[in-house]
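Visitor: Below is the structure I would like to discuss, written out as structure tokens.
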Amino acid sequence: MTDTLVALPTPVRDVFDTVQSRNPHEPEFQQAVHEVLESIAPVLEAHPEFVDGGILERIVEPERQIMFRVPWVDDTGRLQVNRGYRVQFSSVLGPYKGGLRFHPSVNLSIIKFLGFEQIFKNALTGQGIGGAKGGSDFDPHGRSDAEIMRFCQSFMSELYRHLGEHTDVPAGDIGVGAREIGYLFGQYRKITNRHESGMFTGKGVQWGGAEVRTEATGYGAVFFVQEMLAVRGSSLEGSRVSVSGSGNVATYAIKKAWQLGATPVTASDSSGYVVDDEGIDVDLLRQIKEVERGRISEYAARRPGARYIEGARPWQVPVDVAIPSATQNELDADDARALIAGGVRAVAEGANMPCTPAAVEAFQAAEVLFAPGKAANAGGVATSALEMSQNASRQRWSFDDSEARLRSIMKDVHDAAFDAAARYGRPGDYVVGANSAGFERVAHAMLAQGVI
Ligand code: NDP
């Protein structure tokens with residue numbers, strides 16, 4: 001993987017070599033570090049003090065990594081043991097902040113890649129939050145509510161000692177939605193005897209949650225697309241959009257695409273995808289996924305004209321805009337070529353790192369507007385920071401007010417990435433722009449706070 005780093009100064013290559021040799025079984029983490037190091041070369045050239053100050057050596061090493069046993073008893077009375085993680089990557093800009101993921105694929109590499117990305121994403125929002133990520137290899141699919149509750153309680157029985165509104169503030173991610181957050185928060189409140197609203201975000205709006213947090217990541221990704229298209233004098237109006245996934249991010253990306261005059265035509269899960277040329281019916285999608293906790297195949301069975309394609313991803317469908325919103329590395333170079341051949345104009349990562357490096361390269365070579373996740377999906381964590389503000393000041397902002405704030409934050413994130421790309425000689429390159437703008441903020445703060 002080192003080949004494209006050859007042109008970089010020796011200290012940068014050395015840092016990546018160390019990351020590889022210290023973390024040999026962590027391909028996703030190495031991929032995320034590689035992408036950042038590769039794209040911040042112009043920043044390091046302009047700021048030799050960042051290299052001299054040992055910023056790189058420190059930023060690739062988490063401040064703290066916690067791994068723990070999560071024992072629980074299933075409905076048949078059998079003991080189950082999962083592994084829990086929390087990687088507290090950087091608190092230089094604020095308390096650790098980042099979601100929890102419950103999915104069987106979770107391992108240390110995935111949590112570290114997500115935590116590393118989170119540092120720069122959170123910095124980009126300008127909201128004063130550090131970077132972290134956590135989760136477990138627990139699979140919530142097919143589990144009863146009682147099993148989910150027992151698992152969440154056991155998970156929090158260990159994790160609570162590392163959290164707090166000024167220390168570390170988790171949120172949801174894959175497999176962790178409103179139900180799980182409720183159980184996790186309840187257990188924290190019981191163990192600590194504190195109703196500490198600001199220690200978790202994504203809470204129910206009736207008990208400390210913020211309006212628009214549920215919608216924020218998907219809505220934010222679509223706002224970001226709108227900003228990118230506006231730079232080219234274009235808009236979403238009348239365009240066809242493909243979205244992957246059918247969870248939190250996908251659902252609200254689909255909803256906002258409709259609201260802005262586009263037609264979202266696909267949704268998916270890990271078994272296959274649906275294509276609906278009339279446009280995805282959001283109410284039916286939510287009924288199947290959120291209420292019934294069913295599969296995306298059921299959408300096609302209940303919606304006249306929609307088709308279900310088993311075992312495939314939605315990237316063969318010709319569209320103007322694509323918003324991959326399921327999981328990492330779900331869109332490869334072949335998929336990118338298919339989208340380009342179909343006339344795609346803009347791609348925004350609703351998920352974290354859904355496009356492989358070769359796919360990103362293909363989009364950029366074809367001059368397709370490309371927004372990396374740390375910019376395009378930053379609306380979720382930015383709205384989490386708004387939730388923390390409301391908790392701290394005991395206020396509640398309206399839906400419209402919160403959405404207006406989200407919209408303005410996404411414009412700021414877009415402009416910060418766009419301006420940084422231009423400043424560092426790569427106009428229109430949002431990967432370089434987002435990484436550079438986020439990294440600059442973190443690096444300045446690290447220098448100011450000494451060798452910690
Ligand atoms: P959800 O659990 O709500 O939904 C995840 C969706 O992705 C489901 O449709 C799921 O299908 C699908 N999926 C999961 N794993 C795979 C896989 N290996 N292959 C194909 N499809 C898969 O998660 P979110 O919507 O919250 O998160 C989606 C992405 O967005 C993640 O990358 C997350 O890190 C990122 N993100 C989320 C934020 C948030 O606020 N929620 C904030 C920023 C980023 P199935 O049911 O079959 O597993």
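In the structure tokens, chains take letters A, B, ... by order of appearance, with residues numbered from 1 within each chain and ligands from 1 in the order shown.
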Could you pull out the strand (DSSP E) residues of segment 15-206 of chain A from DSSP and send them as a PDB file with C-alpha atoms, in the first residue's frame?

Guide:
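Written output follows (result-v6.pdb):
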```
ATOM      1  CA  ARG A  64      -6.707   5.019  24.850  1.00  0.00           C
ATOM      2  CA  GLN A  65      -8.165   1.687  23.637  1.00  0.00           C
ATOM      3  CA  ILE A  66     -10.583  -0.266  25.754  1.00  0.00           C
ATOM      4  CA  MET A  67     -11.581  -3.884  25.034  1.00  0.00           C
ATOM      5  CA  PHE A  68     -13.849  -5.813  27.323  1.00  0.00           C
ATOM      6  CA  ARG A  69     -15.934  -8.933  27.810  1.00  0.00           C
ATOM      7  CA  VAL A  70     -19.714  -8.612  27.382  1.00  0.00           C
ATOM      8  CA  PRO A  71     -21.416 -11.682  28.907  1.00  0.00           C
ATOM      9  CA  TRP A  72     -25.206 -12.029  28.659  1.00  0.00           C
ATOM     10  CA  VAL A  73     -27.875 -14.726  28.701  1.00  0.00           C
ATOM     11  CA  LEU A  79     -24.631 -17.856  28.064  1.00  0.00           C
ATOM     12  CA  GLN A  80     -23.279 -15.672  25.264  1.00  0.00           C
ATOM     13  CA  VAL A  81     -20.004 -13.756  25.277  1.00  0.00           C
ATOM     14  CA  ASN A  82     -19.288 -10.855  22.948  1.00  0.00           C
ATOM     15  CA  ARG A  83     -16.385  -8.455  22.777  1.00  0.00           C
ATOM     16  CA  GLY A  84     -16.836  -4.738  23.460  1.00  0.00           C
ATOM     17  CA  TYR A  85     -14.619  -1.898  22.225  1.00  0.00           C
ATOM     18  CA  ARG A  86     -14.138   1.806  22.765  1.00  0.00           C
ATOM     19  CA  VAL A  87     -11.226   3.517  21.050  1.00  0.00           C
ATOM     20  CA  GLN A  88     -10.713   7.036  22.413  1.00  0.00           C
ATOM     21  CA  PHE A  89      -8.606   8.501  19.659  1.00  0.00           C
ATOM     22  CA  SER A  90      -8.235  12.205  20.325  1.00  0.00           C
ATOM     23  CA  TYR A  96     -14.232  12.050  22.823  1.00  0.00           C
ATOM     24  CA  LYS A  97     -17.211  11.748  20.483  1.00  0.00           C
ATOM     25  CA  GLY A  98     -18.293   9.014  18.080  1.00  0.00           C
ATOM     26  CA  GLY A  99     -20.849   6.273  17.663  1.00  0.00           C
ATOM     27  CA  LEU A 100     -21.218   2.665  18.804  1.00  0.00           C
ATOM     28  CA  ARG A 101     -21.596  -0.073  16.170  1.00  0.00           C
ATOM     29  CA  PHE A 102     -23.174  -3.470  16.878  1.00  0.00           C
ATOM     30  CA  GLY A 131     -12.782  11.651  18.062  1.00  0.00           C
ATOM     31  CA  ALA A 132     -13.722   8.134  19.223  1.00  0.00           C
ATOM     32  CA  LYS A 133     -15.638   5.034  18.152  1.00  0.00           C
ATOM     33  CA  GLY A 134     -16.824   1.873  19.822  1.00  0.00           C
ATOM     34  CA  GLY A 135     -19.082  -1.113  19.529  1.00  0.00           C
ATOM     35  CA  SER A 136     -19.283  -4.858  19.645  1.00  0.00           C
ATOM     36  CA  ASP A 168     -16.611  10.634  26.222  1.00  0.00           C
ATOM     37  CA  VAL A 169     -20.031  10.932  24.597  1.00  0.00           C
ATOM     38  CA  PRO A 170     -21.157   7.989  22.392  1.00  0.00           C
ATOM     39  CA  ALA A 171     -24.028   7.936  19.867  1.00  0.00           C
TER      40      ALA A 171
END
```

Visitor: Around ligand 1, which protein and nucleic acid residues have at least one atom no more than 7 Å from it, if we count only C-alpha atoms and all ligand atoms? List them as a PyMOL selection string.

Guide: chain A and resi 172-177+216-217+245-250+268-271+295+325-328+330+350-352+354+377-378+380-381

Visitor: I want to know what sits within 12 Å of Asn391 of chain A, based on only C-alpha atoms, with residues of the same chain fewer than 3 positions away left out; could you give that as an MDAnalysis selection string?

Guide: chainID A and resid 165 195:203 205 207:210 384:388 394:397

Visitor: Return the single residue from A:Gly130, A:Lys374, A:Ile340, A:Glu26 that is closest to Leu93 of chain A, with distances computed using only C-alpha atoms.

Guide: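 Nearest to Leu93 of chain A: A:Gly130.
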
Visitor: Taking 3 positions as the minimum chain separation for residues in the same chain, which residues sit within 9 Å of segment 366-373 of chain A when counting only C-alpha atoms? Answer as JSON, numbers by chain.

Guide: {"A": [117, 121, 221, 224, 225, 228, 229, 340, 344, 345, 346, 347, 348, 349, 350, 351, 352, 353, 354, 355, 360, 361, 362, 363, 376, 377, 378, 428, 429, 430, 431, 434]}

Visitor: Of the candidates A:Ser39, A:Arg179, A:Ser109, A:Val92, which shows the shortest atom-to-atom distance to Arg22 of chain A, using only C-alpha atoms?

Guide: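 Using only C-alpha atoms, the shortest distance to Arg22 of chain A belongs to A:Ser109.
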
Visitor: Got a sec: who's within 6 Å of segment 144-152 of chain A, counting only C-alpha atoms, leaving out chain neighbours fewer than 6 positions off, as a PDB file with all heavy atoms, in the first residue's frame?

Guide:
```pdb
ATOM      1  N   TRP A  72     -23.761 -12.204  28.495  1.00  0.00           N
ATOM      2  CA  TRP A  72     -25.206 -12.029  28.659  1.00  0.00           C
ATOM      3  C   TRP A  72     -25.885 -13.369  28.416  1.00  0.00           C
ATOM      4  O   TRP A  72     -25.270 -14.300  27.883  1.00  0.00           O
ATOM      5  CB  TRP A  72     -25.749 -10.945  27.704  1.00  0.00           C
ATOM      6  CG  TRP A  72     -25.476 -11.194  26.255  1.00  0.00           C
ATOM      7  CD1 TRP A  72     -24.281 -11.059  25.611  1.00  0.00           C
ATOM      8  CD2 TRP A  72     -26.401 -11.668  25.269  1.00  0.00           C
ATOM      9  NE1 TRP A  72     -24.401 -11.404  24.286  1.00  0.00           N
ATOM     10  CE2 TRP A  72     -25.701 -11.765  24.044  1.00  0.00           C
ATOM     11  CE3 TRP A  72     -27.764 -11.992  25.297  1.00  0.00           C
ATOM     12  CZ2 TRP A  72     -26.309 -12.197  22.864  1.00  0.00           C
ATOM     13  CZ3 TRP A  72     -28.388 -12.407  24.112  1.00  0.00           C
ATOM     14  CH2 TRP A  72     -27.640 -12.502  22.918  1.00  0.00           C
ATOM     15  N   ASP A  74     -29.059 -15.471  26.691  1.00  0.00           N
ATOM     16  CA  ASP A  74     -30.093 -15.323  25.657  1.00  0.00           C
ATOM     17  C   ASP A  74     -31.429 -15.901  26.142  1.00  0.00           C
ATOM     18  O   ASP A  74     -31.533 -16.406  27.261  1.00  0.00           O
ATOM     19  CB  ASP A  74     -29.627 -15.921  24.321  1.00  0.00           C
ATOM     20  CG  ASP A  74     -29.510 -17.439  24.341  1.00  0.00           C
ATOM     21  OD1 ASP A  74     -30.108 -18.077  25.233  1.00  0.00           O
ATOM     22  OD2 ASP A  74     -28.811 -17.991  23.471  1.00  0.00           O
ATOM     23  N   TYR A 183     -31.771   1.764  26.052  1.00  0.00           N
ATOM     24  CA  TYR A 183     -31.306   0.768  27.030  1.00  0.00           C
ATOM     25  C   TYR A 183     -29.920   1.124  27.581  1.00  0.00           C
ATOM     26  O   TYR A 183     -29.640   0.943  28.767  1.00  0.00           O
ATOM     27  CB  TYR A 183     -31.261  -0.627  26.395  1.00  0.00           C
ATOM     28  CG  TYR A 183     -32.617  -1.183  25.987  1.00  0.00           C
ATOM     29  CD1 TYR A 183     -32.735  -2.023  24.880  1.00  0.00           C
ATOM     30  CD2 TYR A 183     -33.778  -0.885  26.713  1.00  0.00           C
ATOM     31  CE1 TYR A 183     -33.971  -2.556  24.498  1.00  0.00           C
ATOM     32  CE2 TYR A 183     -35.011  -1.407  26.329  1.00  0.00           C
ATOM     33  CZ  TYR A 183     -35.096  -2.242  25.223  1.00  0.00           C
ATOM     34  OH  TYR A 183     -36.309  -2.762  24.861  1.00  0.00           O
ATOM     35  N   LEU A 184     -29.052   1.620  26.711  1.00  0.00           N
ATOM     36  CA  LEU A 184     -27.682   1.961  27.147  1.00  0.00           C
ATOM     37  C   LEU A 184     -27.725   3.141  28.119  1.00  0.00           C
ATOM     38  O   LEU A 184     -27.075   3.134  29.170  1.00  0.00           O
ATOM     39  CB  LEU A 184     -26.813   2.310  25.929  1.00  0.00           C
ATOM     40  CG  LEU A 184     -26.462   1.124  25.007  1.00  0.00           C
ATOM     41  CD1 LEU A 184     -26.011   1.610  23.630  1.00  0.00           C
ATOM     42  CD2 LEU A 184     -25.386   0.233  25.649  1.00  0.00           C
TER      43      LEU A 184
END
```

Visitor: With a distance cut-off of 6 Å and only C-alpha atoms, select the neighbouring residues of His103 of chain A, excluding the residue or stretch itself and same-chain residues fewer than 3 positions from it, and output the selection as a PyMOL selection string.

Guide: chain A and resi 106+137-139

Visitor: Choose the residue, out of A:Gly186, A:Gly126, A:Gly77, A:Pro264, that has the smallest atom-to-atom separation from Phe439 of chain A; count only C-alpha atoms.

Guide: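 Looking only at the distances to Phe439 of chain A, the closest residue turns out to be A:Gly126.
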
Visitor: So the first atom is atom CA of Gly294 of chain A and the second is atom CA of Gln259 of chain A; what is the distance between them in Å, to one decimal place?

Guide: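 For atom CA of Gly294 of chain A relative to atom CA of Gln259 of chain A, the distance reads 25.5 Å.
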
Visitor: Please, which residues of segment 179-399 of chain A, numbered as in this document, come out alpha helix (DSSP H) from DSSP, as a ChimeraX atom specification?

Guide: /A:179-192,213-231,248-259,282-286,297-302,333-341,357-365,373-376,378-393,399

Visitor: A:Ala46, A:Ile59, A:Ile323, A:Ala382: which is nearest Met446 of chain A, counting only C-alpha atoms?

Guide: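 The shortest atom-to-atom distance to Met446 of chain A comes from A:Ile59.
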
Visitor: For Trp315 of chain A, which of A:Pro357, A:Gly94, A:Gly272, A:Gly433 is the closest residue, counting only C-alpha atoms?

Guide: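 Checking each of A:Pro357, A:Gly94, A:Gly272, A:Gly433 against Trp315 of chain A, counting only C-alpha atoms, the winner is A:Gly272.
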
Visitor: Taking into account only C-alpha atoms, which residue in the set A:Gln226, A:Thr125, A:Ser242, A:Ser154 is nearest to Leu260 of chain A?

Guide: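 Checking each of A:Gln226, A:Thr125, A:Ser242, A:Ser154 against Leu260 of chain A, counting only C-alpha atoms, the winner is A:Gln226.
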
Visitor: If we count only C-alpha atoms, what is near Val265 of chain A at a cut-off of 6 Å, once residues fewer than 5 positions away on the same chain are taken out, given as a list in words?

Guide: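 Final neighbour list, sorted by chain and number: Ser242, Val275, Asp276, Asp277, Gly279 and Ile280 of chain A.
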